[in-house]
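What follows is the content of model-v4.txt, which has compact mmCIF, C-alpha atoms:
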# COMPACT_ATOMS: atom_id res chain seq x y z
CA MET A 1 2.69 12.06 2.07
CA ILE A 2 5.16 12.83 -0.74
CA VAL A 3 5.00 16.56 0.01
CA ASP A 4 5.56 16.04 3.73
CA ASP A 5 8.23 13.33 3.62
CA ASN A 6 10.34 14.18 0.53
CA PRO A 7 12.03 17.60 0.62
CA ASN A 8 13.27 17.39 -3.01
CA ASP A 9 12.10 18.04 -6.56
CA SER A 10 9.39 15.36 -6.42
CA SER A 11 7.71 17.11 -3.50
CA GLY A 12 7.25 20.27 -5.60
CA GLU A 13 5.63 18.33 -8.42
CA ALA A 14 3.46 16.42 -5.95
CA TYR A 15 2.35 19.70 -4.34
CA LYS A 16 1.39 21.10 -7.76
CA LEU A 17 -0.68 18.00 -8.58
CA TRP A 18 -2.25 18.09 -5.13
CA ARG A 19 -3.31 21.72 -5.70
CA GLU A 20 -4.73 20.95 -9.16
CA ILE A 21 -6.73 17.97 -7.89
CA GLN A 22 -8.27 20.19 -5.22
CA SER A 23 -9.69 22.62 -7.78
CA PHE A 24 -13.23 23.06 -9.05
CA GLU A 25 -12.05 22.67 -12.66
CA PHE A 26 -10.62 19.21 -11.94
CA VAL A 27 -13.81 18.14 -10.16
CA PHE A 28 -15.95 19.50 -13.01
CA HIS A 29 -13.86 17.48 -15.51
CA LEU A 30 -14.44 14.31 -13.48
CA PHE A 31 -18.20 14.79 -13.28
CA LEU A 32 -18.37 15.63 -17.00
CA MET A 33 -16.35 12.52 -17.87
CA LYS A 34 -18.55 10.35 -15.66
CA ALA A 35 -21.74 11.70 -17.26
CA ILE A 36 -20.53 11.20 -20.85
CA LEU A 37 -19.10 7.73 -20.23
CA GLY A 38 -22.35 6.79 -18.48
CA ILE A 39 -24.26 7.63 -21.68
CA THR A 40 -21.85 5.97 -24.12
CA ASN A 41 -20.91 2.88 -22.08
CA THR A 42 -23.92 0.75 -23.11
CA LEU A 43 -23.33 1.55 -26.78
CA SER A 44 -19.61 0.83 -26.44
CA LEU A 45 -20.21 -2.59 -24.88
CA ALA A 46 -22.83 -3.47 -27.53
CA LEU A 47 -20.51 -2.57 -30.42
CA GLN A 48 -17.70 -4.71 -28.99
CA LYS A 49 -19.76 -7.89 -29.12
CA LYS A 50 -18.85 -10.29 -31.91
CA ASP A 51 -22.43 -11.53 -32.33
CA GLN A 52 -24.38 -8.32 -32.05
CA ASP A 53 -27.94 -7.45 -32.99
CA ILE A 54 -27.39 -4.78 -35.65
CA VAL A 55 -30.86 -3.26 -35.31
CA SER A 56 -30.42 -2.90 -31.55
CA ALA A 57 -26.92 -1.47 -32.03
CA MET A 58 -28.18 1.16 -34.49
CA SER A 59 -31.02 1.99 -32.10
CA LEU A 60 -28.46 2.46 -29.33
CA VAL A 61 -26.45 4.81 -31.56
CA THR A 62 -29.53 6.97 -32.09
CA THR A 63 -30.38 6.88 -28.37
CA CYS A 64 -26.81 7.82 -27.46
CA LYS A 65 -26.86 10.80 -29.84
CA GLU A 66 -30.21 11.99 -28.47
CA ASN A 67 -29.04 11.68 -24.85
CA LEU A 68 -25.85 13.60 -25.57
CA GLN A 69 -27.82 16.33 -27.34
CA PHE A 70 -30.29 16.55 -24.44
CA MET A 71 -27.39 16.75 -21.99
CA ARG A 72 -25.80 19.52 -24.08
CA ASP A 73 -29.00 21.59 -24.15
CA ASN A 74 -30.38 21.05 -20.65
CA GLU A 75 -27.99 19.58 -18.08
CA PHE A 76 -25.15 22.07 -17.65
CA GLU A 77 -26.63 23.68 -14.52
CA GLU A 78 -27.30 20.27 -12.98
CA LEU A 79 -23.70 19.20 -13.61
CA VAL A 80 -22.37 22.40 -12.04
CA GLU A 81 -24.59 21.81 -9.02
CA GLN A 82 -23.30 18.24 -8.58
CA ALA A 83 -19.68 19.36 -8.84
CA SER A 84 -20.35 22.26 -6.44
CA LEU A 85 -21.92 19.98 -3.80
CA PHE A 86 -18.88 17.71 -4.00
CA CYS A 87 -16.54 20.71 -3.62
CA TYR A 88 -18.49 22.09 -0.62
CA LYS A 89 -18.25 18.69 1.03
CA HIS A 90 -14.47 18.53 0.55
CA ASP A 91 -13.69 22.22 1.24
CA ILE A 92 -12.82 23.09 -2.36
CA ILE A 93 -13.43 26.67 -3.51
CA VAL A 94 -16.34 27.00 -5.94
CA PRO A 95 -16.09 29.95 -8.39
CA THR A 96 -19.02 32.26 -9.14
CA MET A 97 -20.11 31.69 -12.71
CA ASP A 98 -20.72 35.39 -13.47
CA GLU A 99 -17.25 36.47 -12.34
CA GLU A 100 -14.19 36.80 -14.58
CA TYR A 101 -12.27 33.59 -15.22
CA VAL A 102 -8.67 33.72 -14.06
CA ILE A 103 -6.09 31.12 -15.05
CA PRO A 104 -4.29 30.04 -11.87
CA GLY A 105 -0.73 31.38 -11.76
CA ARG A 106 -1.21 33.69 -14.77
CA SER A 107 -1.32 37.47 -14.90
CA ARG A 108 -4.71 39.07 -15.59
CA ARG A 109 -3.13 41.83 -17.66
CA ASN A 110 -2.87 39.93 -20.99
CA ALA A 111 -5.45 37.24 -20.26
CA PRO A 112 -8.55 37.16 -22.52
CA MET A 113 -11.69 38.53 -20.90
CA LYS A 114 -14.25 35.79 -20.26
CA THR A 115 -16.48 34.68 -17.45
CA ASN A 116 -16.39 31.41 -15.57
CA TYR A 117 -19.73 30.59 -17.18
CA HIS A 118 -18.18 30.87 -20.67
CA ARG A 119 -15.16 28.84 -19.61
CA TYR A 120 -17.09 25.94 -18.12
CA ARG A 121 -20.10 25.89 -20.43
CA VAL A 122 -18.68 26.79 -23.86
CA GLU A 123 -15.00 25.81 -23.71
CA MET A 124 -15.43 22.63 -21.69
CA PHE A 125 -18.99 21.31 -21.48
CA ILE A 126 -20.23 22.06 -25.02
CA HIS A 127 -16.82 21.52 -26.64
CA VAL A 128 -16.46 17.99 -25.24
CA ILE A 129 -20.03 16.91 -26.03
CA ASP A 130 -19.83 18.32 -29.57
CA GLY A 131 -16.66 16.30 -30.08
CA GLN A 132 -18.50 13.14 -29.07
CA LEU A 133 -21.43 13.92 -31.39
CA VAL A 134 -19.13 14.65 -34.33
CA GLU A 135 -17.31 11.34 -33.80
CA LEU A 136 -20.59 9.39 -33.66
CA ASN A 137 -21.95 11.16 -36.76
CA ASP A 138 -18.74 10.45 -38.68
CA ARG A 139 -18.69 6.77 -37.77
CA PHE A 140 -22.45 6.23 -38.09
CA ASN A 141 -23.60 8.51 -40.89
CA GLU A 142 -26.91 8.06 -42.70
CA VAL A 143 -25.47 5.76 -45.39
CA SER A 144 -23.71 3.35 -43.03
CA THR A 145 -26.68 3.31 -40.65
CA GLU A 146 -29.09 2.51 -43.50
CA LEU A 147 -26.74 -0.19 -44.78
CA LEU A 148 -26.53 -1.91 -41.40
CA THR A 149 -30.28 -1.61 -40.80
CA CYS A 150 -30.99 -3.23 -44.18
CA LEU A 151 -28.43 -5.92 -43.42
CA ALA A 152 -30.30 -6.87 -40.26
CA CYS A 153 -33.34 -7.87 -42.35
CA LEU A 154 -31.45 -11.00 -43.45
CA SER A 155 -31.40 -12.33 -39.89
CA PRO A 156 -33.16 -15.71 -39.51
CA LYS A 157 -33.84 -15.18 -35.78
CA ASN A 158 -37.36 -15.88 -34.53
CA ASN A 159 -38.43 -17.40 -37.84
CA PHE A 160 -37.26 -14.44 -39.98
CA VAL A 161 -39.24 -11.86 -38.03
CA ALA A 162 -36.91 -9.05 -39.20
CA PHE A 163 -37.49 -9.82 -42.91
CA ASP A 164 -38.32 -6.75 -45.02
CA LYS A 165 -38.34 -7.12 -48.81
CA ARG A 166 -38.05 -3.38 -49.51
CA LYS A 167 -34.99 -3.00 -47.28
CA LEU A 168 -33.29 -6.07 -48.76
CA VAL A 169 -33.73 -4.71 -52.28
CA ARG A 170 -32.29 -1.44 -51.00
CA LEU A 171 -29.34 -3.41 -49.57
CA ALA A 172 -28.69 -4.94 -53.00
CA GLN A 173 -28.67 -1.43 -54.51
CA PHE A 174 -25.57 -0.67 -52.43
CA TYR A 175 -23.73 -3.20 -54.63
CA PRO A 176 -24.26 -2.00 -58.24
CA TYR A 177 -21.36 -4.11 -59.54
CA ASP A 178 -22.99 -7.29 -58.22
CA PHE A 179 -26.65 -6.51 -58.95
CA SER A 180 -27.73 -5.07 -62.29
CA ASP A 181 -31.20 -3.59 -62.82
CA ARG A 182 -32.35 -6.95 -64.15
CA ASP A 183 -30.85 -8.73 -61.12
CA LEU A 184 -32.72 -6.40 -58.78
CA LEU A 185 -36.02 -7.31 -60.43
CA MET A 186 -35.17 -11.00 -60.16
CA LEU A 187 -34.15 -10.57 -56.52
CA GLU A 188 -37.42 -8.83 -55.65
CA ASP A 189 -39.44 -11.72 -57.14
CA GLN A 190 -37.19 -14.29 -55.49
CA LEU A 191 -37.43 -12.79 -51.99
CA GLY A 192 -41.17 -13.43 -51.69
CA VAL A 193 -40.79 -17.13 -52.50
CA TYR A 194 -37.65 -17.35 -50.36
CA VAL A 195 -39.18 -16.06 -47.11
CA HIS A 196 -42.30 -18.19 -47.50
CA HIS A 197 -40.17 -21.32 -48.00
CA MET A 198 -37.86 -20.49 -45.08
CA ARG A 199 -40.70 -19.84 -42.64
CA SER A 200 -42.45 -23.07 -43.59
CA SER A 201 -39.33 -25.24 -43.35
CA THR A 202 -38.31 -26.73 -39.99
CA ASP A 203 -34.68 -26.90 -41.14
CA PHE A 204 -34.39 -23.11 -40.95
CA SER A 205 -36.58 -22.40 -37.90
CA GLN A 206 -33.86 -22.57 -35.22
CA LEU A 207 -31.11 -20.55 -36.90
CA GLU A 208 -29.58 -17.56 -35.10
CA GLY A 209 -27.27 -15.73 -37.51
CA ILE A 210 -26.75 -15.11 -41.21
CA SER A 211 -23.58 -17.25 -41.23
CA SER A 212 -25.53 -20.30 -40.05
CA LEU A 213 -28.25 -19.43 -42.58
CA ALA A 214 -25.73 -19.41 -45.42
CA GLU A 215 -24.28 -22.76 -44.27
CA LYS A 216 -27.73 -24.33 -44.06
CA MET A 217 -28.65 -23.05 -47.53
CA VAL A 218 -25.55 -24.70 -49.00
CA GLU A 219 -26.22 -27.89 -47.05
CA LYS A 220 -29.80 -28.11 -48.38
CA GLY A 221 -28.96 -26.90 -51.88
CA MET A 222 -31.03 -23.72 -51.45
CA HIS A 223 -28.13 -21.56 -52.67
CA GLU A 224 -28.80 -22.86 -56.20
CA ILE A 225 -32.56 -22.36 -55.96
CA PHE A 226 -32.25 -18.81 -54.56
CA PRO A 227 -28.95 -17.60 -56.11
CA TYR A 228 -29.68 -13.89 -55.76
CA VAL A 229 -30.60 -14.20 -52.10
CA TYR A 230 -27.48 -16.29 -51.48
CA LEU A 231 -25.34 -13.66 -53.23
CA LEU A 232 -26.84 -11.03 -50.93
CA LEU A 233 -26.01 -13.25 -47.95
CA THR A 234 -22.38 -13.67 -49.01
CA LEU A 235 -22.02 -9.90 -49.46
CA ALA A 236 -23.53 -9.40 -46.01
CA LEU A 237 -21.08 -11.88 -44.51
CA VAL A 238 -18.16 -9.97 -46.01
CA LEU A 239 -19.33 -6.65 -44.54
CA PRO A 240 -18.44 -7.33 -40.87
CA VAL A 241 -15.04 -8.63 -42.02
CA ALA A 242 -14.49 -5.35 -43.85
CA THR A 243 -15.16 -3.29 -40.73
CA ALA A 244 -14.45 -4.49 -37.20
CA SER A 245 -12.36 -7.56 -38.05
CA VAL A 246 -10.07 -5.60 -40.36
CA GLU A 247 -9.55 -2.94 -37.70
CA ARG A 248 -8.60 -5.67 -35.23
CA ALA A 249 -6.19 -7.14 -37.80
CA PHE A 250 -4.43 -3.80 -38.28
CA SER A 251 -4.18 -3.38 -34.51
CA ALA A 252 -2.70 -6.88 -34.23
CA MET A 253 -0.20 -6.05 -36.98
CA ASN A 254 1.55 -3.56 -34.71
CA ILE A 255 1.97 -6.31 -32.12
CA ILE A 256 3.16 -9.04 -34.51
CA LYS A 257 5.36 -6.97 -36.84
CA ASN A 258 7.39 -5.04 -34.28
CA PRO A 259 10.83 -3.42 -34.78
CA LEU A 260 12.54 -6.76 -34.08
CA ARG A 261 10.54 -8.43 -36.89
CA ASN A 262 10.53 -5.63 -39.47
CA ARG A 263 11.82 -7.96 -42.23
CA MET A 264 8.96 -10.43 -41.82
CA GLY A 265 7.56 -11.66 -45.15
CA ASP A 266 3.89 -11.48 -46.14
CA GLN A 267 3.20 -15.20 -45.76
CA TRP A 268 4.81 -15.42 -42.33
CA LEU A 269 2.99 -12.25 -41.25
CA ASN A 270 -0.33 -13.63 -42.52
CA ASP A 271 0.17 -16.95 -40.71
CA SER A 272 1.16 -15.19 -37.48
CA LEU A 273 -1.83 -12.86 -37.67
CA ILE A 274 -4.25 -15.76 -38.13
CA VAL A 275 -2.88 -17.46 -35.02
CA TYR A 276 -3.07 -14.22 -33.02
CA ILE A 277 -6.50 -13.01 -34.21
CA GLU A 278 -8.09 -16.47 -33.90
CA ARG A 279 -6.33 -17.20 -30.62
CA ASP A 280 -9.60 -18.34 -29.01
CA VAL A 281 -9.71 -21.22 -31.50
CA PHE A 282 -6.03 -22.10 -31.23
CA ALA A 283 -6.21 -22.07 -27.43
CA CYS A 284 -8.37 -25.20 -27.68
CA ILE A 285 -5.70 -27.11 -29.65
CA ASP A 286 -3.16 -29.09 -27.67
CA ASN A 287 0.50 -28.12 -28.16
CA GLU A 288 1.44 -31.75 -28.71
CA THR A 289 -0.94 -31.93 -31.68
CA ILE A 290 0.62 -28.82 -33.23
CA MET A 291 4.17 -30.15 -32.80
CA GLN A 292 3.20 -33.52 -34.26
CA ARG A 293 1.60 -31.82 -37.28
CA PHE A 294 4.73 -29.73 -37.81
CA GLN A 295 6.98 -32.78 -37.39
CA ASN A 296 5.07 -34.75 -40.04
CA MET A 297 5.17 -31.99 -42.65
CA LYS A 298 8.64 -33.11 -43.78
CA THR A 299 11.64 -35.15 -42.64
CA ARG A 300 13.62 -33.37 -39.94
CA ARG A 301 16.93 -34.05 -38.29
CA GLY A 302 15.68 -33.68 -34.74
CA GLN A 303 12.58 -34.81 -32.91
CA LEU A 304 10.45 -32.04 -31.50

Target format C-alpha cells, applied to this file:
Amino acid sequence: MIVDDNPNDSSGEAYKLWREIQSFEFVFHLFLMKAILGITNTLSLALQKKDQDIVSAMSLVTTCKENLQFMRDNEFEELVEQASLFCYKHDIIVPTMDEEYVIPGRSRRNAPMKTNYHRYRVEMFIHVIDGQLVELNDRFNEVSTELLTCLACLSPKNNFVAFDKRKLVRLAQFYPYDFSDRDLLMLEDQLGVYVHHMRSSTDFSQLEGISSLAEKMVEKGMHEIFPYVYLLLTLALVLPVATASVERAFSAMNIIKNPLRNRMGDQWLNDSLIVYIERDVFACIDNETIMQRFQNMKTRRGQL
C-alpha cells in the first residue's frame, strides 16, 4: 500500500523492505528463530519464576543444550524443507543449495566464492545455534550447575525427599571461609541427626521452601541445635539474592537513577530501589497509610 500510494522517498524504502521480506533468506531466518525459541522458551519461563525448582531448572538447562546440539547435527535439511514449502506456497524463489551464493545487488566479481549450502548451513544455521550453546555454557558451567544442584538438596518439600548428605557437604565446601575442615566433619555428623529429626517432626512436614525452613528452625530453636545446618541454610538463602535479584536491582537502577536524577544520594537511591523492586508488596499498602506514616515522622507545616 505504501509503495502504490506514496510516490516519495518512503515508497522506495518500503519497496526494498517488501523485496527483502519476500526472499528465501528472510523466511529461513524466521523458521530458524521459531525453532530455537521453541526449544529455549520452556527453560526461559522456568528461570524467570521467583519460586523455582532448582533441580528441574538445571535438568531443563541440560535438556535445552541437548536439543540444540541435536538440532545442529541433524535438522538442517528439515528446516530447509519447511522454509522451501512455505516459499513455494507464497511464490518465493527457492535457491539451489549446490549453486553459488550471490548477495542481492552486489557484483559477483569481488564476491567470495561459496555455495548456498555453506551460506545457510555454516554462516547462519550453525553460527546461530553455536552462539546459543556458548551462552548457555557460560551462564551454566559445571561449577554453577553443581552448586545449584547441591543447593536443591536443602529443600524441605515432600518431607525432605531431595536430601543428600554427600551433596550438602559438597555445598559447604564451596564456602571455605565459612566452613573449616573441622566444621565440615561436624556438619557431616550433624546432617544425619538433622534429617531424621526433621522427617519425624510434624512442624516441618508441610514446608515448601528453604526460606520457610529457616524461619521455622528459628521459631523452634533448631538453629541453635543444628548451627552448621542453619549456617548452610543462610548461605543458600543469600545465593539467589546474589544472582537474579541483584541483576534485577541493577536493571531497576537505570530506571530510578536517570539523567534527571543523576545527583541522587545513596540513601535516597536505596529507598527508591526498595519501593520499585518490591512494588508487589507496596501495591497492597493504601496510599493514605503511607501519607499518615510520613506525616507522623516529624512536625510539618502543612497537612498532607

Exercise for review: Would you kindly return, as a ChimeraX atom specification, each protein, DNA or RNA residue with an atom no farther than 12 Å from any atom of A:Asp178, considering all atoms listed in the file and excluding same-chain residues fewer than 6 positions away?
Suggested key: /A:171-172,184,187,228-229,231-232,234-235

| message | Would you pick out the contacts of A:Pro156 at 7 Å or less, using all atoms listed in the file, so that residues sharing its chain but fewer than 4 positions from it are not included, and give the list as a count of residues only? | response | 6

Please give the centre and size of the box around stretch 28-40 of chain A (axis-aligned, containing every atom listed in the file, 6 Å added per side), with values in Å to one decimal and written as lines of an AutoDock Vina configuration file.
center_x = -19.1
center_y = 12.7
center_z = -18.6
size_x = 22.4
size_y = 25.5
size_z = 23.1

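Taking atom CA of A:Phe31 and atom CA of A:Thr62 as endpoints, the distance between them is 23.3 Å.
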
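Going from atom CA of A:Asn158 to atom CA of A:Met198 covers 11.5 Å.
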
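Distance annotation: of A:Met97, A:Ala57, A:Leu191, A:Leu260, the residue with the minimal separation from A:Pro227 is A:Leu191; atom set is all atoms listed in the file.
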
With distances taken over all atoms listed in the file, the candidate from A:Ile93, A:Leu239, A:Thr299, A:Tyr177 nearest A:Leu148 is A:Leu239

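The spacing separating atom CA of A:Lys165 from atom CA of A:Glu66 amounts to 29.1 Å.
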
Missing atoms in stretch 203-223 of chain A: can you complete it with N, CA and C atoms, as a PDB file, in the frame of the given file?
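Generated output (selection-v2.pdb):
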ATOM      1  N   ASP A 203     -36.146 -26.914 -41.100  1.00  0.00           N
ATOM      2  CA  ASP A 203     -34.680 -26.900 -41.140  1.00  0.00           C
ATOM      3  C   ASP A 203     -34.112 -25.513 -40.850  1.00  0.00           C
ATOM      4  N   PHE A 204     -34.887 -24.481 -41.100  1.00  0.00           N
ATOM      5  CA  PHE A 204     -34.390 -23.110 -40.950  1.00  0.00           C
ATOM      6  C   PHE A 204     -35.050 -22.374 -39.782  1.00  0.00           C
ATOM      7  N   SER A 205     -35.800 -23.072 -38.958  1.00  0.00           N
ATOM      8  CA  SER A 205     -36.580 -22.400 -37.900  1.00  0.00           C
ATOM      9  C   SER A 205     -35.763 -22.073 -36.657  1.00  0.00           C
ATOM     10  N   GLN A 206     -34.639 -22.766 -36.443  1.00  0.00           N
ATOM     11  CA  GLN A 206     -33.860 -22.570 -35.220  1.00  0.00           C
ATOM     12  C   GLN A 206     -32.541 -21.832 -35.446  1.00  0.00           C
ATOM     13  N   LEU A 207     -32.369 -21.232 -36.588  1.00  0.00           N
ATOM     14  CA  LEU A 207     -31.110 -20.550 -36.900  1.00  0.00           C
ATOM     15  C   LEU A 207     -31.030 -19.208 -36.173  1.00  0.00           C
ATOM     16  N   GLU A 208     -29.787 -18.787 -35.876  1.00  0.00           N
ATOM     17  CA  GLU A 208     -29.580 -17.560 -35.100  1.00  0.00           C
ATOM     18  C   GLU A 208     -28.933 -16.437 -35.897  1.00  0.00           C
ATOM     19  N   GLY A 209     -28.010 -16.772 -36.796  1.00  0.00           N
ATOM     20  CA  GLY A 209     -27.270 -15.730 -37.510  1.00  0.00           C
ATOM     21  C   GLY A 209     -27.222 -15.987 -39.000  1.00  0.00           C
ATOM     22  N   ILE A 210     -26.778 -14.969 -39.762  1.00  0.00           N
ATOM     23  CA  ILE A 210     -26.750 -15.110 -41.210  1.00  0.00           C
ATOM     24  C   ILE A 210     -25.666 -16.083 -41.663  1.00  0.00           C
ATOM     25  N   SER A 211     -24.609 -16.264 -40.869  1.00  0.00           N
ATOM     26  CA  SER A 211     -23.580 -17.250 -41.230  1.00  0.00           C
ATOM     27  C   SER A 211     -24.152 -18.664 -41.188  1.00  0.00           C
ATOM     28  N   SER A 212     -24.906 -18.977 -40.133  1.00  0.00           N
ATOM     29  CA  SER A 212     -25.530 -20.300 -40.050  1.00  0.00           C
ATOM     30  C   SER A 212     -26.602 -20.464 -41.131  1.00  0.00           C
ATOM     31  N   LEU A 213     -27.268 -19.376 -41.503  1.00  0.00           N
ATOM     32  CA  LEU A 213     -28.250 -19.430 -42.580  1.00  0.00           C
ATOM     33  C   LEU A 213     -27.581 -19.776 -43.901  1.00  0.00           C
ATOM     34  N   ALA A 214     -26.453 -19.134 -44.182  1.00  0.00           N
ATOM     35  CA  ALA A 214     -25.730 -19.410 -45.420  1.00  0.00           C
ATOM     36  C   ALA A 214     -25.252 -20.866 -45.463  1.00  0.00           C
ATOM     37  N   GLU A 215     -24.738 -21.368 -44.327  1.00  0.00           N
ATOM     38  CA  GLU A 215     -24.280 -22.760 -44.270  1.00  0.00           C
ATOM     39  C   GLU A 215     -25.432 -23.729 -44.506  1.00  0.00           C
ATOM     40  N   LYS A 216     -26.579 -23.453 -43.907  1.00  0.00           N
ATOM     41  CA  LYS A 216     -27.730 -24.330 -44.060  1.00  0.00           C
ATOM     42  C   LYS A 216     -28.257 -24.300 -45.496  1.00  0.00           C
ATOM     43  N   MET A 217     -28.203 -23.142 -46.134  1.00  0.00           N
ATOM     44  CA  MET A 217     -28.650 -23.050 -47.530  1.00  0.00           C
ATOM     45  C   MET A 217     -27.776 -23.898 -48.438  1.00  0.00           C
ATOM     46  N   VAL A 218     -26.466 -23.874 -48.204  1.00  0.00           N
ATOM     47  CA  VAL A 218     -25.550 -24.700 -49.000  1.00  0.00           C
ATOM     48  C   VAL A 218     -25.799 -26.178 -48.723  1.00  0.00           C
ATOM     49  N   GLU A 219     -25.990 -26.499 -47.444  1.00  0.00           N
ATOM     50  CA  GLU A 219     -26.220 -27.890 -47.050  1.00  0.00           C
ATOM     51  C   GLU A 219     -27.477 -28.456 -47.703  1.00  0.00           C
ATOM     52  N   LYS A 220     -28.522 -27.658 -47.810  1.00  0.00           N
ATOM     53  CA  LYS A 220     -29.800 -28.110 -48.380  1.00  0.00           C
ATOM     54  C   LYS A 220     -29.943 -27.805 -49.870  1.00  0.00           C
ATOM     55  N   GLY A 221     -28.913 -27.212 -50.460  1.00  0.00           N
ATOM     56  CA  GLY A 221     -28.960 -26.900 -51.880  1.00  0.00           C
ATOM     57  C   GLY A 221     -29.812 -25.683 -52.221  1.00  0.00           C
ATOM     58  N   MET A 222     -30.192 -24.892 -51.219  1.00  0.00           N
ATOM     59  CA  MET A 222     -31.030 -23.720 -51.450  1.00  0.00           C
ATOM     60  C   MET A 222     -30.252 -22.579 -52.122  1.00  0.00           C
ATOM     61  N   HIS A 223     -28.922 -22.630 -52.048  1.00  0.00           N
ATOM     62  CA  HIS A 223     -28.130 -21.560 -52.670  1.00  0.00           C
ATOM     63  C   HIS A 223     -28.245 -21.609 -54.189  1.00  0.00           C
TER      64      HIS A 223
END
